[in-house]
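Colleague: protein.txt (compact mmCIF, C-alpha atoms) pasted underneath:
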# COMPACT_ATOMS: atom_id res chain seq x y z
CA MET A 1 -6.05 -6.87 6.88
CA ARG A 2 -9.07 -5.89 8.97
CA LEU A 3 -9.54 -7.95 12.11
CA HIS A 4 -12.91 -9.34 13.16
CA SER A 5 -14.09 -10.66 16.51
CA SER A 6 -16.47 -12.84 14.52
CA HIS A 7 -17.25 -13.10 10.85
CA MET A 8 -20.11 -11.00 9.56
CA GLY A 9 -20.75 -13.20 6.55
CA PHE A 10 -22.96 -12.38 3.58
CA ARG A 11 -25.48 -9.82 4.71
CA GLY A 12 -27.72 -9.99 1.65
CA ARG A 13 -27.48 -6.24 1.17
CA ALA A 14 -28.89 -4.75 -1.99
CA ALA A 15 -26.60 -3.56 -4.74
CA VAL A 16 -25.27 -0.09 -4.03
CA VAL A 17 -23.92 2.56 -6.37
CA ALA A 18 -20.21 2.97 -5.83
CA ALA A 19 -18.90 6.48 -5.32
CA ALA A 20 -17.14 7.58 -8.47
CA VAL A 21 -14.34 10.06 -8.98
CA VAL A 22 -13.00 10.19 -12.53
CA VAL A 23 -9.88 12.27 -13.10
CA LEU A 24 -8.91 12.24 -16.77
CA GLY A 25 -5.35 12.91 -17.74
CA ALA A 26 -4.12 13.55 -14.19
CA THR A 27 -0.62 12.36 -13.33
CA ALA A 28 0.05 11.53 -9.72
CA ALA A 29 3.02 13.02 -7.93
CA GLY A 30 6.15 11.22 -9.01
CA GLY A 31 4.36 9.56 -11.93
CA ALA A 32 6.64 8.44 -14.74
CA PRO A 33 6.21 6.24 -17.79
CA ALA A 34 6.87 2.61 -17.08
CA SER A 35 9.80 1.25 -19.02
CA GLY A 36 8.57 -0.36 -22.22
CA ALA A 37 4.98 0.69 -21.54
CA SER A 38 2.82 2.57 -23.99
CA ALA A 39 1.12 5.69 -22.68
CA GLY A 40 -2.19 7.15 -23.75
CA GLY A 41 -4.05 4.18 -25.25
CA ALA A 42 -6.35 3.55 -22.31
CA VAL A 43 -6.97 7.26 -21.73
CA ALA A 44 -7.99 7.85 -25.35
CA ARG A 45 -10.80 5.30 -25.13
CA GLY A 46 -11.75 6.20 -21.59
CA PRO A 47 -10.97 4.40 -18.33
CA PHE A 48 -11.88 0.73 -17.97
CA LEU A 49 -13.76 1.68 -14.80
CA GLY A 50 -15.74 4.36 -16.62
CA PRO A 51 -19.00 2.40 -17.03
CA LEU A 52 -18.55 0.39 -13.81
CA ASN A 53 -20.48 2.09 -11.00
CA THR A 54 -22.42 -0.57 -9.10
CA VAL A 55 -21.16 -2.85 -6.33
CA SER A 56 -23.16 -6.03 -5.67
CA PRO A 57 -22.43 -8.83 -3.18
CA VAL A 58 -22.01 -12.27 -4.76
CA ALA A 59 -21.66 -14.61 -1.77
CA SER A 60 -20.09 -15.20 1.62
CA THR A 61 -16.55 -16.58 1.44
CA VAL A 62 -16.81 -18.29 4.84
CA PRO A 63 -16.70 -22.09 4.47
CA ALA A 64 -18.07 -24.69 6.87
CA ASN A 65 -14.99 -24.57 9.11
CA GLY A 66 -15.44 -20.82 9.64
CA ASP A 67 -12.24 -19.54 8.01
CA LEU A 68 -12.15 -15.73 7.64
CA ASN A 69 -10.33 -12.95 5.78
CA PRO A 70 -10.55 -13.81 2.07
CA TYR A 71 -7.30 -12.81 0.38
CA GLY A 72 -6.37 -14.45 -2.93
CA THR A 73 -8.83 -13.99 -5.81
CA VAL A 74 -8.58 -15.56 -9.27
CA VAL A 75 -11.11 -16.35 -12.01
CA VAL A 76 -11.00 -19.95 -13.26
CA PRO A 77 -10.11 -19.86 -16.99
CA HIS A 78 -11.14 -23.42 -17.96
CA SER A 79 -13.32 -26.18 -16.54
CA THR A 80 -11.46 -29.25 -15.29
CA GLY A 81 -11.98 -31.49 -12.28
CA LYS A 82 -13.88 -29.51 -9.64
CA LEU A 83 -12.96 -26.18 -11.24
CA ARG A 84 -15.59 -24.45 -13.37
CA ARG A 85 -14.84 -21.80 -15.97
CA GLY A 86 -15.85 -18.31 -14.87
CA ASN A 87 -16.05 -19.20 -11.18
CA VAL A 88 -13.93 -17.32 -8.68
CA LEU A 89 -11.41 -19.19 -6.54
CA ILE A 90 -10.62 -17.55 -3.18
CA SER A 91 -8.09 -18.32 -0.42
CA ASN A 92 -8.76 -17.62 3.27
CA PHE A 93 -5.97 -16.28 5.50
CA ASN A 94 -7.55 -16.54 8.98
CA ASN A 95 -9.15 -19.40 10.87
CA ALA A 96 -12.52 -19.25 12.62
CA GLN A 97 -10.82 -17.80 15.72
CA ASN A 98 -9.60 -14.95 13.50
CA GLN A 99 -5.94 -15.86 13.86
CA GLN A 100 -3.98 -14.59 10.89
CA GLY A 101 -1.80 -16.98 8.93
CA THR A 102 -3.87 -20.02 9.92
CA GLY A 103 -6.52 -20.23 7.18
CA THR A 104 -6.54 -23.56 5.35
CA THR A 105 -9.42 -23.34 2.86
CA LEU A 106 -10.01 -22.43 -0.76
CA VAL A 107 -13.60 -21.72 -1.76
CA GLN A 108 -15.08 -21.58 -5.27
CA VAL A 109 -17.89 -19.13 -6.00
CA SER A 110 -20.01 -19.08 -9.15
CA PRO A 111 -21.16 -15.76 -10.68
CA ASP A 112 -24.68 -16.45 -9.38
CA GLY A 113 -23.44 -17.01 -5.82
CA ALA A 114 -23.20 -20.79 -5.48
CA VAL A 115 -20.37 -21.59 -3.05
CA SER A 116 -18.39 -24.79 -2.57
CA THR A 117 -15.22 -25.65 -0.68
CA PHE A 118 -12.55 -26.46 -3.25
CA ALA A 119 -9.97 -27.59 -0.71
CA ARG A 120 -9.36 -27.80 3.03
CA ILE A 121 -5.65 -28.33 3.49
CA ASP A 122 -4.31 -30.37 6.40
CA PRO A 123 -1.00 -28.85 7.59
CA ALA A 124 -0.05 -32.22 9.13
CA ASN A 125 -0.47 -34.10 5.87
CA LEU A 126 1.51 -32.27 3.19
CA PRO A 127 3.51 -34.04 0.46
CA GLY A 128 6.61 -31.92 1.12
CA PRO A 129 8.11 -29.20 3.31
CA CYS A 130 6.24 -25.98 4.11
CA PRO A 131 8.05 -24.26 7.01
CA GLY A 132 5.47 -23.24 9.60
CA GLY A 133 2.48 -25.04 8.10
CA VAL A 134 -0.50 -23.50 6.32
CA GLY A 135 -1.85 -19.95 6.26
CA LEU A 136 -3.14 -19.20 2.78
CA SER A 137 -2.05 -15.80 1.48
CA THR A 138 -3.08 -13.65 -1.50
CA ALA A 139 -0.70 -15.57 -3.76
CA LEU A 140 -3.11 -17.60 -5.90
CA THR A 141 -3.25 -18.68 -9.54
CA VAL A 142 -4.63 -21.41 -11.79
CA LEU A 143 -2.29 -22.95 -14.37
CA PRO A 144 -3.12 -24.98 -17.50
CA GLY A 145 -4.38 -28.43 -16.63
CA GLY A 146 -6.19 -27.08 -13.60
CA TRP A 147 -3.14 -26.92 -11.35
CA VAL A 148 -3.82 -24.45 -8.53
CA VAL A 149 -0.86 -22.75 -6.87
CA VAL A 150 -1.44 -20.92 -3.58
CA GLY A 151 0.97 -19.27 -1.20
CA SER A 152 1.27 -20.12 2.48
CA THR A 153 2.57 -17.52 4.97
CA PRO A 154 1.79 -19.37 8.20
CA THR A 155 1.74 -18.53 11.90
CA ALA A 156 1.25 -20.69 14.97
CA ASP A 157 -0.98 -18.24 16.82
CA GLY A 158 -1.91 -15.42 14.44
CA THR A 159 0.99 -13.14 15.43
CA SER A 160 4.10 -12.02 13.59
CA ALA A 161 6.25 -13.49 16.37
CA THR A 162 5.46 -16.98 15.09
CA VAL A 163 5.29 -16.37 11.34
CA GLN A 164 7.51 -18.61 9.24
CA ALA A 165 8.77 -18.80 5.66
CA GLY A 166 5.96 -20.99 4.31
CA CYS A 167 5.85 -22.27 0.75
CA LEU A 168 3.81 -22.53 -2.42
CA LEU A 169 1.25 -25.34 -2.38
CA VAL A 170 0.37 -27.03 -5.67
CA LEU A 171 -3.10 -28.62 -5.83
CA ASP A 172 -4.65 -30.63 -8.63
CA SER A 173 -8.03 -29.70 -10.15
CA ASN A 174 -9.83 -31.78 -7.52
CA GLY A 175 -8.31 -29.86 -4.62
CA THR A 176 -5.67 -32.37 -3.51
CA VAL A 177 -2.26 -30.98 -2.53
CA ARG A 178 0.23 -32.76 -4.77
CA GLU A 179 3.41 -30.81 -4.16
CA THR A 180 5.05 -28.08 -2.10
CA ILE A 181 7.61 -25.60 -3.39
CA ALA A 182 9.78 -24.20 -0.60
CA GLY A 183 13.12 -22.51 -0.07
CA ASP A 184 15.40 -20.94 -2.66
CA GLY A 185 14.10 -17.43 -1.95
CA ILE A 186 10.51 -18.26 -1.00
CA ASN A 187 10.03 -16.46 2.31
CA GLY A 188 6.53 -15.30 3.12
CA PRO A 189 4.92 -15.58 -0.36
CA TRP A 190 2.39 -12.75 -0.29
CA ASP A 191 0.94 -12.38 -3.78
CA MET A 192 1.43 -13.88 -7.23
CA THR A 193 0.57 -13.79 -10.89
CA ALA A 194 1.54 -16.20 -13.66
CA VAL A 195 1.92 -16.63 -17.40
CA SER A 196 2.13 -19.91 -19.31
CA SER A 197 3.54 -20.93 -22.68
CA GLY A 198 3.61 -24.51 -23.89
CA ASP A 199 4.60 -26.72 -20.99
CA ARG A 200 6.26 -23.91 -19.02
CA ASP A 201 4.79 -21.62 -16.38
CA GLU A 202 6.35 -18.47 -14.98
CA LEU A 203 5.20 -17.54 -11.47
CA PHE A 204 5.89 -14.02 -10.21
CA VAL A 205 5.85 -14.10 -6.41
CA THR A 206 6.32 -11.30 -3.88
CA ASN A 207 8.00 -12.22 -0.58
CA VAL A 208 7.63 -10.20 2.62
CA LEU A 209 9.60 -11.97 5.37
CA ASN A 210 13.23 -11.25 4.48
CA GLY A 211 14.49 -9.75 7.74
CA THR A 212 11.01 -8.53 8.63
CA VAL A 213 10.51 -10.31 11.95
CA ALA A 214 14.01 -9.40 13.10
CA GLY A 215 13.15 -5.77 12.35
CA GLY A 216 10.64 -5.82 15.21
CA GLY A 217 8.14 -3.54 13.50
CA ALA A 218 10.70 -1.25 11.87
CA GLU A 219 10.77 -1.08 8.08
CA VAL A 220 13.41 -3.18 6.36
CA ASP A 221 14.01 -2.88 2.63
CA GLN A 222 14.44 -6.53 1.74
CA GLY A 223 11.16 -7.50 0.05
CA THR A 224 11.65 -9.44 -3.17
CA VAL A 225 9.92 -10.48 -6.37
CA LEU A 226 10.85 -13.95 -7.64
CA ARG A 227 10.22 -15.45 -11.06
CA ILE A 228 9.80 -19.16 -10.51
CA THR A 229 9.88 -21.27 -13.66
CA LEU A 230 7.87 -24.49 -13.66
CA CYS A 231 7.73 -27.28 -16.21
CA ARG A 232 4.62 -29.44 -16.68
CA GLN A 233 4.83 -33.08 -17.83
CA GLY A 234 1.65 -35.07 -18.35
CA ASP A 235 -0.36 -35.68 -15.20
CA GLU A 236 2.54 -34.94 -12.87
CA PRO A 237 2.57 -31.71 -10.82
CA PRO A 238 4.62 -28.93 -12.42
CA GLN A 239 8.23 -28.99 -11.26
CA ARG A 240 10.38 -25.98 -10.42
CA VAL A 241 13.33 -25.72 -12.78
CA ALA A 242 14.62 -22.22 -12.01
CA THR A 243 14.24 -19.32 -9.61
CA THR A 244 15.31 -15.79 -10.53
CA VAL A 245 15.26 -12.67 -8.36
CA ILE A 246 13.85 -9.97 -10.64
CA GLY A 247 12.99 -7.41 -7.95
CA SER A 248 14.37 -6.55 -4.51
CA GLY A 249 14.70 -3.77 -1.97
CA PHE A 250 10.97 -3.32 -1.32
CA GLY A 251 9.96 -2.02 2.10
CA GLU A 252 8.36 -4.46 4.54
CA ARG A 253 7.54 -4.57 8.24
CA THR A 254 5.48 -6.48 10.76
CA ASP A 255 2.18 -4.96 11.83
CA PRO A 256 -0.15 -5.99 14.68
CA ALA A 257 -3.29 -5.56 12.58
CA ALA A 258 -2.02 -6.75 9.19
CA LEU A 259 0.60 -9.30 10.38
CA VAL A 260 3.04 -8.03 7.78
CA ILE A 261 3.06 -5.22 5.21
CA GLY A 262 5.23 -5.41 2.12
CA PRO A 263 5.12 -5.64 -1.68
CA THR A 264 1.77 -7.15 -2.50
CA GLY A 265 -0.14 -7.15 -5.78
CA VAL A 266 1.55 -8.08 -9.05
CA GLY A 267 0.18 -8.02 -12.59
CA LEU A 268 1.80 -8.80 -15.93
CA ALA A 269 1.09 -6.63 -18.98
CA HIS A 270 1.14 -7.79 -22.60
CA ASP A 271 4.58 -6.20 -23.11
CA ASP A 272 6.00 -8.35 -20.26
CA THR A 273 6.12 -5.43 -17.82
CA LEU A 274 5.39 -6.62 -14.29
CA TYR A 275 3.55 -4.06 -12.17
CA VAL A 276 4.07 -4.25 -8.41
CA ALA A 277 2.02 -2.64 -5.63
CA ASP A 278 4.73 -1.29 -3.34
CA THR A 279 2.46 -0.93 -0.34
CA LEU A 280 4.70 0.81 2.21
CA ALA A 281 6.05 3.28 -0.36
CA ASN A 282 2.48 4.01 -1.52
CA ARG A 283 3.31 3.55 -5.18
CA ILE A 284 3.05 1.32 -8.23
CA THR A 285 6.34 0.28 -9.80
CA ALA A 286 7.20 -1.50 -13.05
CA ILE A 287 9.78 -4.20 -13.70
CA PRO A 288 10.47 -4.37 -17.47
CA ASP A 289 10.97 -7.61 -19.42
CA ALA A 290 9.89 -9.60 -16.38
CA VAL A 291 9.41 -12.84 -18.32
CA HIS A 292 12.92 -13.00 -19.75
CA ARG A 293 15.19 -10.81 -17.66
CA THR A 294 18.10 -12.46 -15.88
CA THR A 295 19.02 -9.52 -13.65
CA ASP A 296 17.53 -7.91 -10.55
CA ALA A 297 15.66 -4.68 -11.37
CA GLY A 298 15.56 -3.60 -7.73
CA THR A 299 12.26 -1.87 -7.02
CA GLY A 300 11.77 -1.10 -10.71
CA THR A 301 10.60 2.21 -12.16
CA THR A 302 7.99 4.28 -10.36
CA VAL A 303 4.79 4.43 -12.41
CA SER A 304 2.65 6.43 -9.98
CA THR A 305 2.85 7.46 -6.35
CA GLY A 306 0.62 9.33 -3.93
CA GLY A 307 -2.52 10.95 -5.30
CA ASN A 308 -5.43 8.54 -4.88
CA LEU A 309 -3.14 5.69 -3.90
CA ASN A 310 -3.40 4.88 -0.20
CA GLY A 311 -1.35 1.80 0.60
CA PRO A 312 -2.08 -0.22 -2.57
CA LEU A 313 -2.53 -3.96 -2.01
CA GLY A 314 -4.22 -6.17 -4.60
CA LEU A 315 -3.40 -5.43 -8.25
CA ALA A 316 -4.76 -6.52 -11.63
CA VAL A 317 -4.13 -5.38 -15.18
CA ALA A 318 -7.25 -4.17 -17.00
CA PRO A 319 -7.99 -5.33 -20.57
CA GLY A 320 -6.68 -2.08 -22.05
CA GLY A 321 -3.44 -2.24 -20.10
CA ASP A 322 -4.27 0.10 -17.22
CA VAL A 323 -3.36 -0.97 -13.69
CA LEU A 324 -6.11 -1.55 -11.11
CA THR A 325 -5.20 -1.40 -7.42
CA VAL A 326 -7.19 -1.49 -4.18
CA ASN A 327 -6.12 0.58 -1.18
CA SER A 328 -5.45 -0.66 2.34
CA GLY A 329 -5.92 2.82 3.80
CA ASP A 330 -9.41 3.34 2.39
CA GLY A 331 -11.99 1.36 0.45
CA ASN A 332 -11.05 2.68 -2.99
CA LEU A 333 -10.16 1.03 -6.28
CA VAL A 334 -7.81 3.15 -8.42
CA GLU A 335 -7.14 2.88 -12.16
CA THR A 336 -3.72 4.07 -13.35
CA THR A 337 -2.38 4.20 -16.90
CA PRO A 338 1.08 2.80 -17.74
CA ALA A 339 2.20 6.44 -18.03
CA GLY A 340 1.22 7.10 -14.42
CA SER A 341 -2.05 8.98 -14.81
CA GLN A 342 -4.66 8.04 -12.21
CA VAL A 343 -7.76 8.18 -14.38
CA ALA A 344 -10.55 6.72 -12.25
CA VAL A 345 -11.45 5.94 -8.64
CA ARG A 346 -14.31 3.84 -7.29
CA THR A 347 -15.26 3.45 -3.63
CA LEU A 348 -15.87 -0.24 -2.96
CA ASP A 349 -16.24 -0.18 0.83
CA SER A 350 -16.91 2.79 3.14
CA SER A 351 -17.46 0.95 6.42
CA GLY A 352 -15.40 1.33 9.56
CA THR A 353 -13.04 4.07 10.74
CA PRO A 354 -11.40 5.41 8.69
CA PRO A 355 -13.93 4.45 6.00
CA GLY A 356 -12.97 1.34 4.08
CA ALA A 357 -9.56 0.90 5.71
CA GLY A 358 -8.40 -2.72 5.80
CA ALA A 359 -11.38 -4.05 3.86
CA LEU A 360 -9.89 -4.79 0.43
CA PHE A 361 -7.27 -7.24 -0.78
CA GLY A 362 -7.56 -9.54 -3.83
CA LEU A 363 -9.24 -8.55 -7.09
CA ALA A 364 -9.65 -10.00 -10.59
CA VAL A 365 -11.24 -8.95 -13.87
CA ASP A 366 -14.00 -11.33 -14.99
CA LEU A 367 -13.68 -13.40 -18.17
CA ASP A 368 -16.08 -11.16 -20.08
CA ARG A 369 -13.70 -8.27 -19.28
CA ASP A 370 -16.54 -6.00 -18.20
CA ALA A 371 -16.55 -6.35 -14.39
CA VAL A 372 -14.19 -6.64 -11.43
CA TYR A 373 -14.49 -9.23 -8.68
CA PHE A 374 -13.05 -8.30 -5.28
CA VAL A 375 -13.05 -9.76 -1.79
CA ASP A 376 -14.13 -7.64 1.17
CA ASP A 377 -12.53 -8.57 4.50
CA ALA A 378 -14.92 -6.31 6.41
CA THR A 379 -17.85 -8.53 5.43
CA ASN A 380 -16.08 -11.77 4.38
CA THR A 381 -17.76 -11.66 1.01
CA LEU A 382 -16.96 -11.80 -2.68
CA ASN A 383 -18.39 -8.73 -4.41
CA VAL A 384 -18.50 -7.51 -7.99
CA LEU A 385 -18.14 -4.02 -9.45
CA HIS A 386 -20.17 -3.94 -12.64
What is this structure when it is put down as structure tokens?
Modeller:
Amino acid sequence: MRLHSSHMGFRGRAAVVAAAVVVLGATAAGGAPASGASAGGAVARGPFLGPLNTVSPVASTVPANGDLNPYGTVVVPHSTGKLRRGNVLISNFNNAQNQQGTGTTLVQVSPDGAVSTFARIDPANLPGPCPGGVGLSTALTVLPGGWVVVGSTPTADGTSATVQAGCLLVLDSNGTVRETIAGDGINGPWDMTAVSSGDRDELFVTNVLNGTVAGGGAEVDQGTVLRITLCRQGDEPPQRVATTVIGSGFGERTDPAALVIGPTGVGLAHDDTLYVADTLANRITAIPDAVHRTTDAGTGTTVSTGGNLNGPLGLAVAPGGDVLTVNSGDGNLVETTPAGSQVAVRTLDSSGTPPGAGALFGLAVDLDRDAVYFVDDATNTLNVLH
């Protein structure tokens, strides 16, 4: 989101205490219970963010080729190939010249700050179609067997005038691209979450380019959420067997600073409710029965809007079921219950003008379920709130 004339890299700053605002039991304007969601549980035991008050840098996310703007953030669940359990996998959206939609690298960061390049993807040497090439977005997940799926929303020169539909890239656990998944609704894959059962994977992918470029900067309400069903067989890359539109009508538009703004973060709750960060509408919505539904839920049910939300981007579901979102308009992380109460706020970045704007994107809860990793585009670092 935030543009840089040159990367700042890891500045070795000391851990700082994050600003904390805890609002218990408050319901944001327009807040309503999410369909199928249980209210009150997380509030009764206190917010997940309650004891988390300290932000510490972990490492720079800038690899040897100079890629900038870390976007996708996921914690590796199991060790296989080059992947190590508990490490954080991160995708970069910009190249070293700071052109958006041209980043080609995935880096892996250990909790103690060791950094390695997991993959550097060659747009000219892909195993299948990916309209426009490679520009790695926030859409990032790790499937059983170590299969890494990352979205590409590519440009030729860093501007929305050249952005194309892109694809999902499937890499093996050693960082080799083995497959591309394109078309059939994939159009600017912007963020993603996944759930697996047996040999099947369900990807939930937001798309932000449906009519967006033609809109010329005006908002168009054509953003979608796809459920893409994959089937795994042995050592072969997972194959797409079905695509279902489960959400549509989300606002999206091109933006000179952000390339494109549209539905971003997605997170799946234990009751199969999919939460979506509807960035332009400044709200969190819920799509019920996301794993099994066969119909389009539109933009879903509004969970919470306004209040401490300020252009929510990245989204994760906390262990107790609350929804964590980071704002594009300021450097805050907000915790919201399934009933719509915004119960905690933490300031993660206060740099720039306005403070923290454009700094935050991807986030993920660590495997011990007692900290939150997040990338900071203002410093090109992976940080942790603990």
Colleague: Quick one: residues within 12 Å of A:Arg369, all atoms listed in the file counted, chain neighbours fewer than 3 positions away excluded, as a list in words?
Modeller: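 Here the qualifying residues turn out to be Phe48, Leu49, Leu52, Val75, Gly86, Ala316, Val317, Ala318, Pro319, Gly320, Gly321, Ala364, Val365, Asp366, Val372, Tyr373, Leu385 and His386 of chain A.
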Colleague: Mind giving me the straight-line distance from atom CA of A:Pro256 to atom CA of A:Thr61 in Å, one decimal?
Modeller: 23.6 Å
Colleague: Please, what distance in Å, to one decimal, runs between atom CA of A:Phe93 and atom CA of A:Val142?
Modeller: 18.1 Å
Colleague: Which protein, DNA or RNA residues have an atom at most 12 Å from (-10.8, -31.7, -15.8), counting all atoms listed in the file? List them as JSON, numbers by chain.
Modeller: {"A": [77, 78, 79, 80, 81, 82, 83, 84, 85, 144, 145, 146, 147, 172, 173, 174, 175, 235]}
Colleague: Between atom CA of A:Thr337 and atom CA of A:Thr302, what is the distance in Å, rounded to a tenth?
Modeller: 12.3 Å
Colleague: In terms of the shortest atom-to-atom distance over all atoms listed in the file, which of A:Val241, A:Val345, A:Cys167, A:Leu367 is closest to A:Gly183?
Modeller: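 Closest to A:Gly183, using all atoms listed in the file: A:Cys167.
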Colleague: Which residue is closest to A:Glu179? Choose from A:Val208, A:Val163, A:Leu126, A:Val58 and count only C-alpha atoms.
Modeller: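 The answer is A:Leu126, which sits nearest to A:Glu179.
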Colleague: When you look at A:Val334 with a cut-off of 9 Å (counting all atoms listed in the file), what residues show up, excluding the ones that are within fewer than 2 positions of it in the same chain? I need them as a short mmCIF file (atom, residue, chain, number, x, y, z; two decimals) with C-alpha atoms, keeping the file's coordinate frame.
Modeller:
data_model
loop_
_atom_site.label_atom_id
_atom_site.label_comp_id
_atom_site.auth_asym_id
_atom_site.auth_seq_id
_atom_site.Cartn_x
_atom_site.Cartn_y
_atom_site.Cartn_z
CA LEU A 49 -13.76 1.68 -14.80
CA ASN A 308 -5.43 8.54 -4.88
CA LEU A 309 -3.14 5.69 -3.90
CA PRO A 312 -2.08 -0.22 -2.57
CA VAL A 323 -3.36 -0.97 -13.69
CA LEU A 324 -6.11 -1.55 -11.11
CA THR A 325 -5.20 -1.40 -7.42
CA VAL A 326 -7.19 -1.49 -4.18
CA ASN A 327 -6.12 0.58 -1.18
CA ASN A 332 -11.05 2.68 -2.99
CA THR A 336 -3.72 4.07 -13.35
CA GLN A 342 -4.66 8.04 -12.21
CA VAL A 343 -7.76 8.18 -14.38
CA ALA A 344 -10.55 6.72 -12.25
CA VAL A 345 -11.45 5.94 -8.64
CA ARG A 346 -14.31 3.84 -7.29
CA THR A 347 -15.26 3.45 -3.63
#
Colleague: Give me the residues within 10 Å of A:Ala165 as number ranges by chain, counting all atoms listed in the file and dropping any in the same chain fewer than 4 places off.
Modeller: A: 130-133, 152-155, 182-183, 185-189, 207-210
Colleague: Could you give me, as a PDB file with C-alpha atoms, in the frame of the given file, the residues within 6 Å of A:Gly300, counting only C-alpha atoms and dropping anything in the same chain fewer than 2 positions from it?
Modeller:
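The resulting file, selection-v5.pdb, is shown below:
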ATOM      1  CA  THR A 285       6.340   0.280  -9.800  1.00  0.00           C
ATOM      2  CA  ALA A 286       7.200  -1.500 -13.050  1.00  0.00           C
ATOM      3  CA  ILE A 287       9.780  -4.200 -13.700  1.00  0.00           C
ATOM      4  CA  ALA A 297      15.660  -4.680 -11.370  1.00  0.00           C
ATOM      5  CA  GLY A 298      15.560  -3.600  -7.730  1.00  0.00           C
TER       6      GLY A 298
END
Colleague: Given only C-alpha atoms as the basis, pick out the residue of A:Leu280, A:Ala378, A:Val384, A:Ile90 nearest to A:Pro355.
Modeller: A:Ala378
Colleague: Which residue out of A:Ala96, A:Ala59, A:Val150, A:Ala242 has the minimum interatomic distance to A:Glu202 when all atoms listed in the file are used?
Modeller: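 Using all atoms listed in the file, A:Glu202 sits closest to A:Ala242.
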Colleague: Using all atoms listed in the file, give me every residue within 7 Å of (-16.6, 0.2, -0.9) in file coordinates, as an mmCIF file with C-alpha atoms, in the coordinates of the input.
Modeller:
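Full text of part.cif as output:
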data_model
loop_
_atom_site.group_PDB
_atom_site.id
_atom_site.type_symbol
_atom_site.label_atom_id
_atom_site.label_comp_id
_atom_site.auth_asym_id
_atom_site.auth_seq_id
_atom_site.Cartn_x
_atom_site.Cartn_y
_atom_site.Cartn_z
ATOM 1 C CA ALA A 18 -20.210 2.970 -5.830
ATOM 2 C CA GLY A 331 -11.990 1.360 0.450
ATOM 3 C CA ASN A 332 -11.050 2.680 -2.990
ATOM 4 C CA THR A 347 -15.260 3.450 -3.630
ATOM 5 C CA LEU A 348 -15.870 -0.240 -2.960
ATOM 6 C CA ASP A 349 -16.240 -0.180 0.830
ATOM 7 C CA SER A 350 -16.910 2.790 3.140
ATOM 8 C CA GLY A 356 -12.970 1.340 4.080
#
Colleague: Have a look at A:Leu315, A:Leu274, A:Val148, A:Leu68 and name the one nearest to A:Gly247; count all atoms listed in the file.
Modeller: A:Leu274
Colleague: Pick out the residues sitting within 6 Å of A:Phe361, and hand them over as JSON, numbers by chain; count all atoms listed in the file, and ignore anything fewer than 2 positions along from it in its own chain.
Modeller: {"A": [71, 313, 314]}
Colleague: Calculated over all atoms listed in the file, which of the candidates A:Pro127, A:Gly223, A:Gly217, A:Gly306 has the smallest distance to A:Ala258?
Modeller: A:Gly217
